[in-house]
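Here the structure comes first, spelled out in structure tokens, and everything after it is commentary.
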Amino acid sequence: MHDLLIVGAGPYGLSIASHAAAAGLDVRIFGRPMASWRDHMAPGMFLKSEPWASDLSDPAGRYGLAAFCAREGLRAEHGHPLPIGHFSAYGLWFAEQAAPPVDERLIASVRACTGGFEARTQDGEVHRARAVALAVGVMPFTQTPPALRGLGPEHASHSSHHGDLERFRDQDVTVLGAGQAALETAALLAEQGTRVRVLARSPRVDWNTVPPAWQRPWWEAMRAPHTGLGCGWRNWFYARTPHLFRRLPEPMRAQVAASALGPAGAWWVRERVESGVETLVGQQVRGVELAGGRVQVTTRGAGGDGLSFATDHIIAATGFRATTRRLHVLAPELRLALDSLDDETPYVSNAFETSCPGIFLAGLTTASSFGPAMRFVYGASFTAARLVRGVERHLRGRPATSLPPQADGQLLSRAQEPAR
């Protein structure tokens with residue numbers, strides 16, 4: 001029986017595996033490395049986070065994004081967006097250099113067994129472990145407006161379902177949402193000749209500004225310090241002190257997790273959208289129906305006004321909602337046994353352990369507990385170090401509810417330097 005089995009081989013899963021192996025644990029990791037980034041993002045997309053804030057985490061800090069880019073002769077500088085393809089390649093390199101071998105089979109189910117848990121791969125092989133870490137990313141949690149759920153995949157989809165937008169070249173497409181996924185998808189569609197519009201509930205489209213220079217006068221840096229989540233002291237709190245965020249009252253944590261760092265487009269995509277994409281704001285989809293092979297859309301505006309138009313396909317760039325009931329990789333009896341917070345996300349201890357001893361969570365599922373950093377690659381460092389310490393305590397038969405300060409991991413101690 002293994003010490004730890006990790007489900008998922010994205011930035012969080014690979015970082016946890018690296019820390020677990022360095023701690024001497026017998027660890028197995030399953031999943032296609034960087035699958036969400038390789039398979040569910042269209043060519044031409046860029047990483048929204050700064051390159052220096054996008055490291056996967058190994059205990060020695062030897063395999064950061066800057067090291068990979070220097071090795072490959074790629075540009076990774078503050079204020080210059082990095083192509084998604086380069087980031088995916090970095091993740092694969094990290095997997096080879098800093099993590100134990102990845103079994104690329106997918107885990108179909110996890111259930112309890114004597115002494116721990118058993119995970120069954122999709123081809124039927126069973127692996128047993130004393131602890132399991134679910135680092136399943138965002139794909140199980142896609143959120144689509146109820147009005148679209150009666151449409152088939154030929155007429156409606158989620159933005160994360162498209163690793164290639166070529167199929168829409170000669171169509172009319174409506175993109176729902178006002179965040180980066182919606183705006184960048186719309187820009188790419190327009191640039192390939194697709195007739196595209198953005199339809200958003202929000203009264204306006206917000207845009208992030210160009211980040212200030214890394215080297216600034218001290219008074220500017222004090223007023224709005226750089227952080228892995230953007231400038232400002234509030235972002236500094238979210239980025240640097242997730243362990244303190246978890247001490248906030250639960251309703252406050254849920255509200256922040258749902259609203260902080262809300263939908264906005266990156267500065268470098270703004271001109272591309274405004275020059276080639278029709279933008280309809282303050283409108284919510286009221287109904288859709290098929291007519292003549294197209295989707296007839298009706299909307300309702302904040303002032304009672306509405307729109308009606310036909311489109312060939314609707315892409316919902318409407319985010320993700322990581323509720324406990326959507327952890328379908330867990331067997332039903334195990335999933336139903338997990339405690340949830342009031343916002344329906346899973347409860348986790350300060351060591352990322354669920355109410356079921358030995359089941360640990362990482363990434364988006366923990367944002368209501370540890371804050372907005374868990375929605376980004378930046379949170380992988382804090383998570384990996386702290387979660388692995390929790391696993392070690394579990395293996396020793398001790399509850400993972402109180403960890404020493406050093407368990408907060410590299411996020412609080414590592415100097416964050418941009419690539420030069």
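By order in the structure tokens, chains are A, B, ...; within a chain, residues start at 1; ligands start at 1, following the order shown.
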
Contacts between segment 35-44 of chain A and segment 129-178 of chain A, please, where a residue of segment 129-178 of chain A counts if it comes within 7 Å (with only C-alpha atoms); show its shortest atom pair and distance in Å to one decimal, rows by chain and ascending number, as a Markdown table.
| residue | atom | partner | partner_atom | distance |
| --- | --- | --- | --- | --- |
| A:Ser160 | CA | A:His40 | CA | 5.1 |
| A:His161 | CA | A:His40 | CA | 5.7 |
| A:His162 | CA | A:His40 | CA | 5.3 |
| A:Gly163 | CA | A:His40 | CA | 4.4 |
| A:Asp164 | CA | A:Ala42 | CA | 4.9 |
| A:Leu165 | CA | A:Ala42 | CA | 6.5 |

Expected file: the selected residues, N, CA and C atoms, as a PDB file, in the first residue's frame:
ATOM      1  N   SER A 160     -13.929  26.053 -21.835  1.00  0.00           N
ATOM      2  CA  SER A 160     -12.841  25.114 -21.565  1.00  0.00           C
ATOM      3  C   SER A 160     -12.934  23.850 -22.402  1.00  0.00           C
ATOM      4  N   HIS A 161     -13.980  23.709 -23.199  1.00  0.00           N
ATOM      5  CA  HIS A 161     -14.134  22.529 -24.043  1.00  0.00           C
ATOM      6  C   HIS A 161     -13.396  22.655 -25.367  1.00  0.00           C
ATOM      7  N   HIS A 162     -12.725  23.775 -25.581  1.00  0.00           N
ATOM      8  CA  HIS A 162     -12.150  24.032 -26.898  1.00  0.00           C
ATOM      9  C   HIS A 162     -10.634  24.206 -26.838  1.00  0.00           C
ATOM     10  N   GLY A 163      -9.942  23.174 -27.300  1.00  0.00           N
ATOM     11  CA  GLY A 163      -8.506  23.303 -27.491  1.00  0.00           C
ATOM     12  C   GLY A 163      -8.181  23.869 -28.855  1.00  0.00           C
ATOM     13  N   ASP A 164      -9.211  24.051 -29.681  1.00  0.00           N
ATOM     14  CA  ASP A 164      -9.045  24.583 -31.032  1.00  0.00           C
ATOM     15  C   ASP A 164     -10.354  25.257 -31.423  1.00  0.00           C
ATOM     16  N   LEU A 165     -10.266  26.474 -31.910  1.00  0.00           N
ATOM     17  CA  LEU A 165     -11.459  27.236 -32.294  1.00  0.00           C
ATOM     18  C   LEU A 165     -11.719  27.213 -33.798  1.00  0.00           C
TER      19      LEU A 165
END

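For the choices A:Ala186, A:Val132, A:Leu176, A:Val388, the atom-to-atom distance to Thr144 of chain A is smallest for A:Leu176 when using only C-alpha atoms.
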
(request) Have a look at A:Val295, A:Ala373, A:Ala53, A:Val281 and name the one nearest to Arg246 of chain A; count only C-alpha atoms. (result) A:Ala373

All residues 12 Å or closer to Gly303 of chain A, only C-alpha atoms, same chain fewer than 6 positions away omitted, as a tab-separated table (two decimals) with N, CA and C atoms, in the first residue's frame:
chain	number	residue	atom	x	y	z
A	203	PRO	N	-22.48	45.42	-16.05
A	203	PRO	CA	-22.79	46.67	-16.76
A	203	PRO	C	-21.65	47.19	-17.63
A	282	GLY	N	-24.66	44.36	-19.68
A	282	GLY	CA	-25.89	44.58	-18.95
A	282	GLY	C	-27.04	43.74	-19.45
A	283	GLN	N	-26.75	42.59	-20.04
A	283	GLN	CA	-27.78	41.73	-20.61
A	283	GLN	C	-27.60	40.30	-20.10
A	284	GLN	N	-28.69	39.70	-19.67
A	284	GLN	CA	-28.68	38.32	-19.18
A	284	GLN	C	-29.56	37.46	-20.09

Taking only residues of segment 317-410 of chain A that have an atom at most 12 Å from an atom of segment 259-276 of chain A, what is each one's shortest atom pair and its distance in Å to one decimal, using only C-alpha atoms, in chain and number order, as JSON lines?
{"residue": "A:Ala317", "atom": "CA", "partner": "A:Pro263", "partner_atom": "CA", "distance": 10.5}
{"residue": "A:Thr318", "atom": "CA", "partner": "A:Pro263", "partner_atom": "CA", "distance": 9.6}
{"residue": "A:Gly319", "atom": "CA", "partner": "A:Pro263", "partner_atom": "CA", "distance": 9.5}
{"residue": "A:Ala367", "atom": "CA", "partner": "A:Ala260", "partner_atom": "CA", "distance": 10.8}
{"residue": "A:Ser368", "atom": "CA", "partner": "A:Ser259", "partner_atom": "CA", "distance": 10.9}
{"residue": "A:Gly371", "atom": "CA", "partner": "A:Ala260", "partner_atom": "CA", "distance": 9.0}
{"residue": "A:Pro372", "atom": "CA", "partner": "A:Ala260", "partner_atom": "CA", "distance": 6.9}
{"residue": "A:Ala373", "atom": "CA", "partner": "A:Leu261", "partner_atom": "CA", "distance": 9.8}
{"residue": "A:Met374", "atom": "CA", "partner": "A:Leu261", "partner_atom": "CA", "distance": 12.0}
{"residue": "A:Arg375", "atom": "CA", "partner": "A:Leu261", "partner_atom": "CA", "distance": 10.0}
{"residue": "A:Phe376", "atom": "CA", "partner": "A:Leu261", "partner_atom": "CA", "distance": 10.9}

(message) When you count only C-alpha atoms, which of these residues is closest to Ala99 of chain A: A:Trp207, A:Tyr63, A:Phe360, A:Trp52?
(response)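 For Ala99 of chain A, the nearest of the given residues is A:Tyr63.
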